[in-house]
Structures are given as C-alpha cells and as structure tokens.
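Visitor: Attaching a single structure in structure tokens format; questions to follow.
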Amino acid sequence: MNVRPPGEPRRIGYLYVLPAFVVYALFLLWPLLHGAWLSLFHWDGLTVGTWAGAANYSQAVSDPQLRGAFGHAVVLLFFYAILPCVIAFVLVSAMARTRPRGLTFFRTVLFLPQVVAMVAVAVAWQWIYSEHGPINGTLRLAGLGGLARGWLGDFDWALPSVGLIGTWVEIGLAMVLFLAGVQKIPRELYEAARVDGAGAFREFFAVTLPGLRRELAIALTLTTVAALRNFDLIYLTTSGGPGNATKVPAYEVYNRTFNTGEVGLACAIGIIIAVIIFAFTAVINRVVEGRP
Amino acid sequence: MRKPIVVLAAALLAVSACTPGSNTPKPTQKPPSAINTDIAKAGPVTLTVWDQEVLPGQNEQMQKLNAAFQAKYPNVKIKRVSRSFSDLEKTLRLALSGNTPPDVVEANQGYGIMAALVKAGALVSLDPYDKVYGFRKRFPAGVSQLNSVTPDGKTIGSGSLFGVSMTGEAVGIYYNTDKLAKLGIQPPTSWGQFEQDLALAKSKGETPIYFANLEKFPAIHEFGVLLGQTADKTALRRLVFGQGGAWTDPPVVQAAQKLADYAKNGYFSKSANAGKYNDSPTAFAKGDGVFLIGGPWFAADLQKKMGSKVRFMLPPPASAGAQQPATLGGPGLPLAITSKSKHPDVAAAYLSFMSTPQAMDVVTQTGGLPATKPATAKPTNPVGLDVFDAYRVASDKDILVPYLDYATTTFLDTLGSALQEIIAGRKTPQEGMRDAQKDYGDFLAKK
C-alpha cells in the first residue's frame with residue numbers, strides 16, 4: 001500500500017478550491033478577460049465593433065485629455081494614500097507615547113468615514129465646499145472673504161478639494177491599522193529606547209516605524225487602490241469638471257462608455273488602471289514590507 | 001509556468017468567439033395595413049416606459065396621462081420608470097442593447113443618442129405608423145424635422161420619423177418682478193437695455209443672472225442666447241446639423257467673448273461653475289438673481305415658489321422693436337419605440353394618445369409647454385402664460401435653433417468644458433472655440 005506522508009499536496013485539493021474559483025472566475029476573471037477583448041475593438045456599445053488592435057491603448061496614452069486624467073490620479077494618490085498615512089502616523093505615535101483616555105471613542109470617530117456611504121460623504125462635502133458652506137463661512141468670519149469661492153467649481157482648487165475628502169475618508173483606515181500594529185510592539189522596546197535617551201522623533205524611527213512595516217504596506221495598498229479606482233466621489237461631486245480639471249481614469253472609463261460611446265477605449269483605460277494597480281501593489285509589497 | 005499561459009490562451013479564445021455588438025437584429029418595417037390599432041383587443045399587455053419627467057409638474061403630467069391611457073385600455077398596464085435626464089440618457093445605451101429593453105423610451109435628439117440608436121437599429125421607424133395616426137400632421141414641420149434621422153443614422157434633421165414629442169421648448173429669460181421694481185426698471189425690450197439692467201443690478205449688489213453650471217451643459221443655454229444676438233439662425237442651424245460653418249467663425253467667437261465679458265463683469269453668480277443646476281429654481285425663488293436664463297422646464301417649479309413674482313420673456317432683439325433674435329429650443333424629448341419591444345402597435349397607440357390635443361390639455365394644465373396647440377387649455381398663471389405665448393411666437397416666427405450639443409456625440413462634454421473654461425477666464429474665447437471646432441471637425445471627418 002502506498003502511504004502518503006501527511007500534508008503532501010494531493011490532487012483533491014483542487015476540488016476544495018473549485019467553488020471559490022468558480023465564483024472568482026465568473027465575476028472577476030471573465031469580466032477582466034472580456035474587457036481586455038473589448039479593448040481591442042472600436043465599439044460604440046450598439047453597432048458592430050471593428051477591430052482596433054492596440055489603437056485604443058495608444059490613444060489612451062497619447063490623448064492629452066486622458067493623459068491629464070492619469071496625471072490627476074497621481075495627484076489623488078498623494079491625497080488618498082500618502083497624506084492619510086502620514087497623518088495617521090503622527091496621531092498613532094502620539095498615542096503610543098501616552099495612552100489617551102477615550103481611545104476607543106476617538107478610534108470610532110476617526111474610522112466612521114470608512115463606514116458612511118460614499119454618496120452621503122459626497123453630498124455632505126458638496127455642501128461644505130459650496131459657496132454658502134461652512135468653509136467659506138469661516139473664511140468670511142475670519143475676514144478672509146476674498147479667499148471664499150465655490151471650491152468644487154474652481155479650476156485650481158477642485159482637484160485638491162476632492163483629494164482632501166479622500167484624505168478624510170482614508171485617515172481612519174490607516175489609523176486603525178496602525179493602532180492595532182502599535183499595540184503589538186513590546187512596551188520594552190519603547191522603554192529601552194527611552195533609557196537610551198531617544199526623543200519622540202528618534203523613538204518613532206527606531207521603534208514605531210519598523211514595527212509597523214506590515215501595517216503600512218497594507219494601508220498603502222488599500223489606499224492606493226482606492227485612489228486609482230476612485231470614481232464615485234468624482235462622479236458625485238464634480239463630474240470631472242470644471243472643464244476637465246478633476247477627470248480621473250476611472251471616471252473616463254464611465255464617461256467614454258456611457259456618454260461618448262467609446263466602449264473599446266474605455267476598456268483599454270480600465271485595463272491600464274488594473275495593470276497600474278498590480279504594479280503599485282507589487283512595488284509596495286517589496287519595498288515597504290520587505291518581501292523578496 | 002507553462003500551465004497559466006495555456007489557461008490564459010484558452011480563456012482568450014473563449015472570449016474571442018464573438019465580435020461585440022454583432023447579435024443586434026435589424027428592425028423590420030411592417031406595412032401600415034398590418035398595424036393593429038384596436039388596442040382594447042390586444043390582450044393583456046405590460047408597456048414599460050422610460051421617461052425623464054422627474055420635476056413635480058412633469059411628473060404629474062405623466063401620471064395623469066398614463067392613468068388616462070390605462071383607463072381607456074384596461075388591458076394595458078404601464079410600467080413607468082423615470083430618471084433624471086442625465087441618468088436616463090446614460091443608461092439607455094445599455095438598456096437598449098440588452099434583451100429586455102423598455103418598449104417606449106425618451107431618447108434625446110441629436111447624434112449622441114437618437115442617431116446612435118437609429119444607426120444600431122434600436123429604434124422603430126414611425127413612418128408606417130405616421131400613415132395610420134398622422135403624427136407629422138399634428139406638429140409644426142420643424143418639430144418633426146428634429147425628430148427625424150436618416151435610416152443609416154448618419155444625418156439628423158431629415159429621413160424617417162423616430163420620435164413624438166409631447167412638449168416644446170424655447171430658452172428665454174425669467175425675471176423676478178420684485179427685484180425689477182426695487183431696481184426701478186421695466187422688463188427690457190432690447191438687448192442693449194438688458195445689458196444696462198445687468199450693470200445696474202450688479203452695482204446695487206444683486207446677482208444679475210443666477211447661473212449654476214457645475215454640470216457643464218447649462219452654459220450652453222447662456223451661450224445659445226448670446227449666439228442669437230451675434231449670429232443668424234440659418235447659419236446656426238447649418239452649423240449644428242453639420243452642413244457648413246465652423247465654431248471659430250467670427251459671430252460664434254463674438255458670442256463666446258460676450259460670455260467671457262459677462263462673467264468678468266460679474267453678471268453671473270460668483271461661483272457659477274460650482275453651482276448645481278437643479279438648485280436654480282430654489283435659489284432664484286429665494287432672491288438670488290434678478291434674471292435666470294432657462295427653458296420652460298423651470299416654469300412650474302418657479303410658479304409654485306414665486307407665484308406672480310416671476311415672469312418670462314424671449315431674449316429681446318438688439319434694439320427695441322427689431323426682428324426677434326434666434327434662441328435655442330425645439331421639440332422636447334421625444335417618445336420613441338424600441339425595436340425589441342414585443343408590442344410596438346400598443347406602443348404606437350400610446351405615442352398617439354400622448355400627443356392628442358386632449359393630452360396637450362393635460363400637459364398645459366400641469367404647467368408644461370405643449371408641443372402642439374391644446375384643445376382648450378391655457379395656462380392660468382402669469383409665468384405659465386408667458387412661456388406658452390413665447391413658444392407660440394417662437395414657432396410662428398421660426399426662430400428656434402436646435403440645442404448646440406446635437407452637433408457631435410461628444411459635444412456636450414467638449415463645448416461644456418470649453419464654456420466653463422471661458423467663464424473662469426482660463427481660456428480666451430478663441431481658444432475655447434478652437435477646442436470645440438476640433439471636436440466638430442474630427443466628428444465630421446469620421447462620419
């Protein structure tokens with residue numbers, strides 16, 4: 001009788017994976033491949049498509065309007081991923097030194113934006129940014145009425161304004177991840193650092209940051225993905241306007257499909273976004289988490 | 001590492017089995033004699049209708065007329081789906097390429113929606129039904145013209161009839177009578193006087209023209225009214241239908257210059273590009289703005305909020321008493337029948353029902369602007385009557401120019417963006433119009 005050592009891979013393992021794989025294939029792989037296939041056509045979504053080859057891809061990278069959209073995505077990357085992580089770090093390292101009272105309460109409040117539906121977030125911020133909203137109200141009260149403007153309708157300010165909504169949403173996520181990480185860093189390390197005469201700054205770089213590498217990688221991955229596939233917030237607050245000032249690739253996927261009837265081009269943009277996200281995730285995993 | 005590649009190749013092969021869009025059947029036309037007009041005997045039918053009549057007055061109008069149709073034909077049940085204009089126009093494409101599309105849809109005129117749907121064979125030609133119901137006879141020629149597309153979908157403004165409009169539209173100027181009285185002025189009778197009034201309103205700390213343009217398309221109305229002052233209606237129509245002219249022609253640039261000047265002089269709301277269009281009636285009723293440029297779609301809402309304190313007029317001519325200038329407008333969104341509808345004859349009877357003089361009475365009573373002359377009804381409130389009379393004048397004098405975004409499939413976005421940039425002073429009128437012309441030229445070259 002052929003006796004198998006326990007734990008050796010067996011064919012039957014594939015059977016266990018099958019149910020999950022079927023769902024995954026049906027709802028993720030199939031649409032992805034179908035999208036890739038459509039991206040090779042000039043198709044308006046209604047009439048018969050014509051073969052385009054790589055033309056949609058070359059248009060996606062050469063069209064100045066689409067290039068602009070990818071540029072805006074890079075700006076949003078700063079607001080969605082980098083800024084929230086930096087702010088969350090500051091908050092968490094402050095909390096790591098002194099455990100403030102009511103920590104659970106603050107954690108909940110800061111995490112709340114993650115839970116609220118994006119539509120509600122967008123509508124609320126639309127009001128906050130509006131001509132008669134609280135931001136302009138505060139500015140006028142402070143005698144800075146000259147700075148007041150319709151923030152989302154201003155060519156220079158619309159993109160950062162939308163970006164800051166993203167920052168507000170993502171801080172909570174990064175912070176909760178970091179807080180969980182900090183709690184598992186041994187207190188002794190902090191004590192040792194203090195005995196060695198480390199200040200808050202030194203302590204952060206010598207103890208907190210190395211201890212949070214994995215959490216940082218997760219936070220960066222999640223927020224980067226959120227930044228690159230950001231559609232709902234743009235659609236709801238500015239529709240890509242004013243002019244083309246807040247158009248992002250994910251919005252263009254929608255715009256080209258439903259408004260201008262360039263389904264092939266939209267699919268090409270979608271595939272490019274997917275590739276960029278894959279690349280970013282790989283880089284973050286390697287560099288930040290230190291995986292080979 | 002061999003296996004994944006094989007799997008990927010196999011999967012690609014599986015997807016590549018079909019060219020997208022190849023399974024859409026071409027519609028067949030049936031002869032007028034085969035059309036069933038006896039709807040009561042058509043058996044139980046559910047008619048799915050997609051419309052965009054979401055504003056209070058419009059909503060009431062559709063509810064009343066649908067109820068009346070169902071009362072007349074108890075065997076027909078109408079399943080109504082109503083969405084806002086932009087939501088509806090965006091989902092149409094997807095819905096009509098599916099296998100169970102609605103039977104009747106409101107499909108915007110122009111290349112973007114109606115012509116694209118005709119090209120794909122998604123809409124039924126109404127020509128055979130016209131022989132039975134006489135749709136063309138009910139409307140002024142200009143209305144039917146705008147609802148017509150050549151069967152190949154390549155040219156709008158001629159060919160077969162594809163839609164029936166219940167309402168008409170003419171863009172004009174609403175004014176707040178309280179504000180005029182406070183400023184000590186009368187409704188302007190010339191454009192020169194209108195501009196003086198704007199300057200006066202500005203100097204008194206009022207918002208001269210309430211203007212909300214976050215969505216980009218509203219500026220097309222402002223621009224269109226200004227074009228009426230600088231350009232000739234025939235030239236404008238030719239331009240929109242793609243029959244000649246350019247967006248960089250001097251009269252067009254001149255209108256864009258006026259738009260830029262108005263923005264610079266503070267004649268528009270301060271953060272025009274940040275305001276939500278659908279908030280316009282509320283803001284205007286609250287006293288933000290002496291004037292409001294828009295179409296009849298605002299009338300019912302404004303009347304409810306302001307009563308007799310709001311009135312409406314067509315854009316005045318350059319000098320008092322001169323010839324009426326062109327303005328944007330035409331038939332409202334038309335009802336059209338989809339090719340995949342299982343009950344096209346019932347749908348056609350519905351279209352016919354919705355455009356009778358009696359239906360026009362309902363349209364009028366609910367504050368809408370009827371596409372044709374109603375049987376008896378006339379609006380009872382002042383602003384409604386203004387709008388009603390203005391449209392009659394506009395169609396009698398033949399001054400309506402189609403909405404500018406009909407020009408290309410992407411024009412709403414291109415022209416809208418260009419106008420936003422001109423308003424913000426980011427681009428000169430020449431630069432903005434060059435952007436518009438580029439889109440227009442590309443489209444005409446591809447057609």
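Here's how to read the names in the structure tokens: chain A, B, ... by the order shown, residue numbers from 1 in each chain, ligand numbers from 1 in the order shown.
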Please identify all polymer residues within 10 Å of Arg214 of chain A, counting only C-alpha atoms, omitting same-chain residues fewer than 5 positions from it, and present them as a list in words.

Guide: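 With the cut-off at 10 Å, the set is Leu177, Phe178, Gly181, Leu209, Ala219, Leu220, Asn285, Val288, Glu289, Gly290 and Arg291 of chain A.
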
Visitor: Identify every residue of chain B that has at least one atom within 9 Å of any atom of chain A, counting only C-alpha atoms, and report the result as a PyMOL selection string.

Guide: chain B and resi 8+11-12+15-16+19-24+89-94+96-97+112+116-117+119-122+213-216+270-275+409-411+413-414+416-421+424+426

Visitor: Give me a file of those residues, with N, CA and C atoms, as a compact mmCIF listing (two decimals), in the first residue's frame.

Guide:
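Result written to again26.txt:
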# COMPACT_ATOMS: atom_id res chain seq x y z
N LEU B 8 -4.71 30.92 -19.99
CA LEU B 8 -4.98 32.27 -20.46
C LEU B 8 -5.35 32.25 -21.94
N ALA B 11 -8.75 30.84 -22.42
CA ALA B 11 -9.77 31.80 -22.00
C ALA B 11 -9.94 32.89 -23.06
N LEU B 12 -8.83 33.38 -23.59
CA LEU B 12 -8.90 34.42 -24.61
C LEU B 12 -9.66 33.91 -25.83
N VAL B 15 -13.34 34.04 -25.09
CA VAL B 15 -13.93 35.37 -25.17
C VAL B 15 -14.02 35.83 -26.61
N SER B 16 -13.03 35.43 -27.40
CA SER B 16 -12.91 35.98 -28.73
C SER B 16 -13.92 35.38 -29.69
N THR B 19 -17.55 39.07 -32.08
CA THR B 19 -17.25 40.48 -32.21
C THR B 19 -18.35 41.24 -31.46
N PRO B 20 -17.97 42.22 -30.64
CA PRO B 20 -19.01 42.89 -29.85
C PRO B 20 -20.08 43.52 -30.73
N GLY B 21 -21.32 43.35 -30.30
CA GLY B 21 -22.42 44.05 -30.96
C GLY B 21 -22.97 43.35 -32.18
N SER B 22 -22.47 42.15 -32.48
CA SER B 22 -22.87 41.54 -33.74
C SER B 22 -24.23 40.86 -33.68
N ASN B 23 -24.79 40.73 -32.48
CA ASN B 23 -26.04 39.98 -32.41
C ASN B 23 -27.29 40.86 -32.40
N THR B 24 -27.13 42.15 -32.74
CA THR B 24 -28.29 43.03 -32.78
C THR B 24 -29.04 42.84 -34.10
N GLU B 89 -30.32 59.22 -20.02
CA GLU B 89 -29.58 59.19 -21.29
C GLU B 89 -28.37 58.27 -21.19
N LYS B 90 -27.83 58.11 -19.99
CA LYS B 90 -26.65 57.28 -19.86
C LYS B 90 -26.97 55.80 -19.81
N THR B 91 -28.15 55.46 -19.30
CA THR B 91 -28.46 54.04 -19.18
C THR B 91 -29.16 53.51 -20.43
N LEU B 92 -29.64 54.42 -21.29
CA LEU B 92 -30.38 54.00 -22.48
C LEU B 92 -29.59 53.02 -23.33
N ARG B 93 -28.35 53.38 -23.64
CA ARG B 93 -27.49 52.59 -24.49
C ARG B 93 -27.41 51.15 -24.00
N LEU B 94 -27.17 51.04 -22.70
CA LEU B 94 -27.03 49.72 -22.10
C LEU B 94 -28.35 48.97 -22.14
N LEU B 96 -30.92 49.37 -24.11
CA LEU B 96 -31.41 49.02 -25.43
C LEU B 96 -30.57 47.95 -26.10
N SER B 97 -29.35 47.72 -25.60
CA SER B 97 -28.57 46.63 -26.20
C SER B 97 -28.82 45.33 -25.44
N GLY B 112 -25.76 62.09 -30.43
CA GLY B 112 -25.33 61.37 -29.24
C GLY B 112 -26.24 60.21 -28.91
N ALA B 116 -27.50 57.64 -32.83
CA ALA B 116 -26.70 56.46 -32.50
C ALA B 116 -27.59 55.23 -32.35
N LEU B 117 -28.76 55.43 -31.73
CA LEU B 117 -29.69 54.31 -31.56
C LEU B 117 -30.27 53.88 -32.90
N LYS B 119 -28.81 54.20 -35.80
CA LYS B 119 -27.71 53.54 -36.50
C LYS B 119 -27.60 52.08 -36.07
N ALA B 120 -27.84 51.84 -34.79
CA ALA B 120 -27.73 50.47 -34.27
C ALA B 120 -29.01 49.68 -34.48
N GLY B 121 -30.01 50.32 -35.10
CA GLY B 121 -31.26 49.61 -35.33
C GLY B 121 -32.05 49.37 -34.07
N ALA B 122 -31.87 50.23 -33.07
CA ALA B 122 -32.54 50.01 -31.79
C ALA B 122 -33.91 50.68 -31.71
N ASN B 213 -23.62 76.09 -13.00
CA ASN B 213 -23.04 75.42 -14.17
C ASN B 213 -22.07 74.31 -13.80
N LEU B 214 -22.31 73.66 -12.67
CA LEU B 214 -21.41 72.57 -12.26
C LEU B 214 -21.41 71.44 -13.28
N GLU B 215 -22.57 71.20 -13.88
CA GLU B 215 -22.74 70.05 -14.78
C GLU B 215 -22.25 70.30 -16.20
N LYS B 216 -21.74 71.50 -16.49
CA LYS B 216 -21.20 71.89 -17.79
C LYS B 216 -22.26 72.23 -18.84
N LYS B 270 -21.44 84.35 -8.62
CA LYS B 270 -19.99 84.42 -8.41
C LYS B 270 -19.30 83.09 -8.66
N SER B 271 -19.84 82.01 -8.11
CA SER B 271 -19.21 80.71 -8.32
C SER B 271 -20.05 79.90 -9.29
N ALA B 272 -20.26 80.48 -10.49
CA ALA B 272 -21.17 79.85 -11.44
C ALA B 272 -20.81 78.39 -11.70
N ASN B 273 -19.52 78.10 -11.87
CA ASN B 273 -19.12 76.74 -12.22
C ASN B 273 -19.26 75.76 -11.06
N ALA B 274 -19.59 76.27 -9.87
CA ALA B 274 -19.70 75.38 -8.71
C ALA B 274 -21.15 75.11 -8.31
N GLY B 275 -22.10 75.82 -8.94
CA GLY B 275 -23.50 75.68 -8.52
C GLY B 275 -24.20 74.51 -9.19
N THR B 409 -21.26 63.67 -31.06
CA THR B 409 -21.57 62.77 -29.95
C THR B 409 -20.89 63.20 -28.65
N THR B 410 -19.82 63.95 -28.77
CA THR B 410 -19.08 64.32 -27.56
C THR B 410 -19.21 65.81 -27.25
N PHE B 411 -20.12 66.49 -27.97
CA PHE B 411 -20.12 67.95 -27.90
C PHE B 411 -20.58 68.49 -26.55
N ASP B 413 -19.86 67.45 -23.71
CA ASP B 413 -18.66 67.49 -22.86
C ASP B 413 -17.64 68.51 -23.38
N THR B 414 -17.38 68.48 -24.69
CA THR B 414 -16.34 69.35 -25.25
C THR B 414 -16.74 70.82 -25.16
N GLY B 416 -19.18 72.06 -23.40
CA GLY B 416 -19.42 72.38 -21.99
C GLY B 416 -18.13 72.72 -21.26
N SER B 417 -17.10 71.92 -21.48
CA SER B 417 -15.80 72.18 -20.84
C SER B 417 -15.22 73.50 -21.33
N ALA B 418 -15.30 73.72 -22.65
CA ALA B 418 -14.74 74.96 -23.22
C ALA B 418 -15.43 76.17 -22.61
N LEU B 419 -16.76 76.10 -22.49
CA LEU B 419 -17.50 77.25 -21.94
C LEU B 419 -17.16 77.46 -20.47
N GLN B 420 -17.00 76.36 -19.71
CA GLN B 420 -16.59 76.51 -18.31
C GLN B 420 -15.24 77.22 -18.21
N GLU B 421 -14.33 76.86 -19.13
CA GLU B 421 -13.00 77.49 -19.08
C GLU B 421 -13.07 78.95 -19.48
N ALA B 424 -14.48 80.85 -16.55
CA ALA B 424 -13.49 81.00 -15.47
C ALA B 424 -12.31 81.87 -15.89
N ARG B 426 -10.01 80.98 -17.92
CA ARG B 426 -8.83 80.14 -18.10
C ARG B 426 -8.43 80.05 -19.56

Visitor: Do a neighbour search on segment 271-282 of chain A at 10 Å with only C-alpha atoms, toss out local chain neighbours closer than 3 positions, and write the hits as a VMD selection string.

Guide: chain A and resid 32 to 33 35 to 36 39 57 60 to 61 70 217 to 218 220 to 222 224 to 229 249 to 250 253 265 to 268 285 to 287 291

Visitor: Select from segment 350-434 of chain B everything DSSP, run on the backbone, classes as helix (DSSP H, G or I), then give the selection as a ChimeraX atom specification.

Guide: /B:350-354,357-365,382-396,404-406,411-423,429-434

Visitor: Just N, CA and C atoms for this one: save the residues we selected as a short mmCIF file (atom, residue, chain, number, x, y, z; two decimals), in the first residue's frame.

Guide:
data_model
loop_
_atom_site.label_atom_id
_atom_site.label_comp_id
_atom_site.auth_asym_id
_atom_site.auth_seq_id
_atom_site.Cartn_x
_atom_site.Cartn_y
_atom_site.Cartn_z
N TYR B 350 -49.91 54.34 -27.81
CA TYR B 350 -49.55 55.16 -26.64
C TYR B 350 -48.97 56.49 -27.10
N LEU B 351 -48.06 56.44 -28.07
CA LEU B 351 -47.47 57.67 -28.60
C LEU B 351 -48.55 58.59 -29.18
N SER B 352 -49.50 57.95 -29.88
CA SER B 352 -50.58 58.72 -30.47
C SER B 352 -51.42 59.37 -29.36
N PHE B 353 -51.73 58.58 -28.34
CA PHE B 353 -52.54 59.07 -27.23
C PHE B 353 -51.86 60.25 -26.54
N MET B 354 -50.53 60.16 -26.40
CA MET B 354 -49.79 61.19 -25.67
C MET B 354 -49.66 62.49 -26.45
N PRO B 357 -54.70 66.53 -28.90
CA PRO B 357 -54.98 67.84 -28.30
C PRO B 357 -55.44 67.72 -26.85
N GLN B 358 -56.13 66.59 -26.53
CA GLN B 358 -56.58 66.40 -25.14
C GLN B 358 -55.38 66.16 -24.23
N ALA B 359 -54.41 65.39 -24.72
CA ALA B 359 -53.20 65.18 -23.94
C ALA B 359 -52.47 66.51 -23.77
N MET B 360 -52.50 67.35 -24.82
CA MET B 360 -51.86 68.66 -24.74
C MET B 360 -52.53 69.53 -23.67
N ASP B 361 -53.85 69.29 -23.49
CA ASP B 361 -54.55 69.99 -22.39
C ASP B 361 -53.93 69.62 -21.05
N VAL B 362 -53.68 68.31 -20.86
CA VAL B 362 -53.10 67.85 -19.59
C VAL B 362 -51.70 68.44 -19.42
N VAL B 363 -50.93 68.41 -20.52
CA VAL B 363 -49.58 68.99 -20.47
C VAL B 363 -49.67 70.45 -20.01
N THR B 364 -50.60 71.18 -20.60
CA THR B 364 -50.76 72.59 -20.26
C THR B 364 -51.20 72.78 -18.81
N GLN B 365 -52.18 71.95 -18.40
CA GLN B 365 -52.70 72.10 -17.03
C GLN B 365 -51.65 71.79 -15.97
N PRO B 382 -49.49 83.71 -14.52
CA PRO B 382 -48.79 84.64 -15.43
C PRO B 382 -47.55 84.05 -16.09
N VAL B 383 -46.68 83.40 -15.32
CA VAL B 383 -45.43 82.92 -15.92
C VAL B 383 -45.71 81.79 -16.91
N GLY B 384 -46.69 80.94 -16.57
CA GLY B 384 -47.06 79.86 -17.47
C GLY B 384 -47.56 80.41 -18.80
N LEU B 385 -48.38 81.46 -18.71
CA LEU B 385 -48.92 82.08 -19.92
C LEU B 385 -47.80 82.73 -20.73
N ASP B 386 -46.85 83.36 -20.03
CA ASP B 386 -45.68 83.95 -20.72
C ASP B 386 -44.95 82.90 -21.54
N VAL B 387 -44.68 81.76 -20.89
CA VAL B 387 -43.91 80.71 -21.54
C VAL B 387 -44.70 80.14 -22.73
N PHE B 388 -45.98 79.94 -22.50
CA PHE B 388 -46.90 79.41 -23.52
C PHE B 388 -46.90 80.33 -24.74
N ASP B 389 -47.11 81.62 -24.50
CA ASP B 389 -47.15 82.60 -25.60
C ASP B 389 -45.79 82.69 -26.29
N ALA B 390 -44.73 82.64 -25.48
CA ALA B 390 -43.38 82.77 -26.06
C ALA B 390 -43.12 81.63 -27.04
N TYR B 391 -43.54 80.44 -26.67
CA TYR B 391 -43.29 79.30 -27.57
C TYR B 391 -44.10 79.44 -28.85
N ARG B 392 -45.34 79.94 -28.72
CA ARG B 392 -46.15 80.14 -29.93
C ARG B 392 -45.47 81.17 -30.84
N VAL B 393 -44.99 82.26 -30.26
CA VAL B 393 -44.29 83.27 -31.06
C VAL B 393 -43.05 82.65 -31.71
N ALA B 394 -42.30 81.87 -30.89
CA ALA B 394 -41.06 81.28 -31.41
C ALA B 394 -41.34 80.34 -32.56
N SER B 395 -42.43 79.52 -32.45
CA SER B 395 -42.66 78.60 -33.56
C SER B 395 -43.28 79.32 -34.75
N ASP B 396 -44.12 80.34 -34.50
CA ASP B 396 -44.70 81.10 -35.63
C ASP B 396 -43.61 81.85 -36.39
N LEU B 404 -27.15 73.15 -29.09
CA LEU B 404 -25.84 73.10 -29.74
C LEU B 404 -25.16 71.75 -29.57
N ASP B 405 -25.49 71.04 -28.49
CA ASP B 405 -24.80 69.77 -28.24
C ASP B 405 -25.25 68.66 -29.19
N TYR B 406 -26.25 68.94 -30.03
CA TYR B 406 -26.64 67.94 -31.02
C TYR B 406 -25.53 67.75 -32.07
N PHE B 411 -20.12 66.49 -27.97
CA PHE B 411 -20.12 67.95 -27.90
C PHE B 411 -20.58 68.49 -26.55
N LEU B 412 -21.48 67.77 -25.90
CA LEU B 412 -21.95 68.23 -24.60
C LEU B 412 -20.75 68.42 -23.67
N ASP B 413 -19.86 67.45 -23.71
CA ASP B 413 -18.66 67.49 -22.86
C ASP B 413 -17.64 68.51 -23.38
N THR B 414 -17.38 68.48 -24.69
CA THR B 414 -16.34 69.35 -25.25
C THR B 414 -16.74 70.82 -25.16
N LEU B 415 -17.93 71.14 -25.68
CA LEU B 415 -18.37 72.54 -25.65
C LEU B 415 -18.59 72.97 -24.20
N GLY B 416 -19.18 72.06 -23.40
CA GLY B 416 -19.42 72.38 -21.99
C GLY B 416 -18.13 72.72 -21.26
N SER B 417 -17.10 71.92 -21.48
CA SER B 417 -15.80 72.18 -20.84
C SER B 417 -15.22 73.50 -21.33
N ALA B 418 -15.30 73.72 -22.65
CA ALA B 418 -14.74 74.96 -23.22
C ALA B 418 -15.43 76.17 -22.61
N LEU B 419 -16.76 76.10 -22.49
CA LEU B 419 -17.50 77.25 -21.94
C LEU B 419 -17.16 77.46 -20.47
N GLN B 420 -17.00 76.36 -19.71
CA GLN B 420 -16.59 76.51 -18.31
C GLN B 420 -15.24 77.22 -18.21
N GLU B 421 -14.33 76.86 -19.13
CA GLU B 421 -13.00 77.49 -19.08
C GLU B 421 -13.07 78.95 -19.48
N ILE B 422 -13.94 79.26 -20.44
CA ILE B 422 -14.10 80.66 -20.85
C ILE B 422 -14.68 81.47 -19.70
N ILE B 423 -15.68 80.88 -19.02
CA ILE B 423 -16.34 81.59 -17.92
C ILE B 423 -15.34 81.84 -16.78
N PRO B 429 -11.88 83.26 -25.47
CA PRO B 429 -12.97 82.75 -26.32
C PRO B 429 -12.43 82.05 -27.57
N GLN B 430 -11.35 82.62 -28.15
CA GLN B 430 -10.78 82.00 -29.35
C GLN B 430 -10.28 80.58 -29.05
N GLU B 431 -9.56 80.44 -27.94
CA GLU B 431 -9.01 79.11 -27.58
C GLU B 431 -10.14 78.11 -27.31
N GLY B 432 -11.14 78.56 -26.57
CA GLY B 432 -12.26 77.67 -26.24
C GLY B 432 -12.97 77.19 -27.49
N MET B 433 -13.22 78.12 -28.40
CA MET B 433 -13.94 77.75 -29.62
C MET B 433 -13.08 76.88 -30.53
N ARG B 434 -11.76 77.05 -30.43
CA ARG B 434 -10.87 76.18 -31.20
C ARG B 434 -11.01 74.73 -30.71
#

Visitor: Counting only C-alpha atoms, what is within 9 Å of Gly71 of chain A, bar same-chain residues fewer than 5 positions away, as a list in words?

Guide: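 Skipping anything fewer than 5 positions along the chain leaves Leu66, Leu76 and Val248 of chain A.
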
Visitor: Nearest to Gln61 of chain B: which of B:Gly205, B:Leu226, B:Gly192, B:Met166 is it, counting only C-alpha atoms?

Guide: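 Going through B:Gly205, B:Leu226, B:Gly192, B:Met166 one by one, the smallest distance to Gln61 of chain B is for B:Met166.
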
Visitor: Set the distance at 12 Å and use only C-alpha atoms: which residues neighbour Thr408 of chain B once local chain neighbours fewer than 5 positions away are removed? I'd like the list as a VMD selection string.

Guide: (chain A and resid 259 to 261) or (chain B and resid 109 to 116 154 to 156 239 to 242 403 413 to 415 436 to 447)

Visitor: Please produce a file of those selected residues containing C-alpha atoms, as a compact mmCIF listing (two decimals), in the first residue's frame.

Guide:
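Result file part_14.txt:
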# COMPACT_ATOMS: atom_id res chain seq x y z
CA ASN A 259 -21.56 59.36 -22.57
CA THR A 260 -19.44 59.30 -25.67
CA GLY A 261 -19.88 55.68 -26.76
CA GLN B 109 -32.47 64.21 -30.34
CA GLY B 110 -29.07 64.56 -31.94
CA TYR B 111 -26.12 62.36 -32.81
CA GLY B 112 -25.33 61.37 -29.24
CA ILE B 113 -28.47 59.37 -28.52
CA MET B 114 -31.19 59.24 -31.14
CA ALA B 115 -29.00 58.95 -34.24
CA ALA B 116 -26.70 56.46 -32.50
CA LYS B 154 -25.71 59.35 -40.23
CA THR B 155 -27.67 62.58 -40.63
CA ILE B 156 -30.14 64.24 -38.31
CA LEU B 239 -23.62 74.62 -38.02
CA VAL B 240 -25.44 72.31 -35.61
CA PHE B 241 -26.61 69.92 -38.34
CA GLY B 242 -23.06 69.72 -39.72
CA TYR B 403 -29.50 72.68 -28.88
CA ASP B 413 -18.66 67.49 -22.86
CA THR B 414 -16.34 69.35 -25.25
CA LEU B 415 -18.37 72.54 -25.65
CA ALA B 436 -14.97 72.94 -29.84
CA GLN B 437 -14.11 73.19 -33.52
CA LYS B 438 -11.51 70.43 -33.20
CA ASP B 439 -14.09 68.01 -31.82
CA TYR B 440 -16.57 69.12 -34.51
CA GLY B 441 -14.04 68.74 -37.34
CA ASP B 442 -12.96 65.30 -36.13
CA PHE B 443 -16.56 64.17 -35.92
CA LEU B 444 -17.48 65.39 -39.40
CA ALA B 445 -14.36 63.79 -40.85
CA LYS B 446 -15.22 60.43 -39.28
CA LYS B 447 -18.91 60.46 -40.27

Visitor: Just how far from atom CA of Ala201 of chain B is atom CA of Phe284 of chain B, in Å to one decimal?

Guide: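 Between these atoms lies a distance of 14.5 Å.
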
Visitor: Please identify all polymer residues within 10 Å of Gly172 of chain B, counting only C-alpha atoms, omitting same-chain residues fewer than 3 positions from it, and present them as a list in words.

Guide: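 These residues fall inside the cut-off: Glu169, Tyr175, His221, Glu222, Val225, Leu292, Ile293, Gly294, Gly295, Pro296, Phe312, Met313, Leu314, Pro315, Pro316, Thr327, Leu328, Gly329, Val387, Ala390 and Tyr391 of chain B.
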
Visitor: For Ile171 of chain A, which residue among A:Tyr14, A:Trp125, A:Phe21, A:Phe111 is the nearest when counting only C-alpha atoms?

Guide: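 Closest candidate: A:Phe111.
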
Visitor: Identify which of the residues A:Leu83, A:Gln59, A:Glu215, A:Arg140 lies closest to Glu262 of chain A, counting only C-alpha atoms when measuring atom-to-atom distances.

Guide: A:Gln59
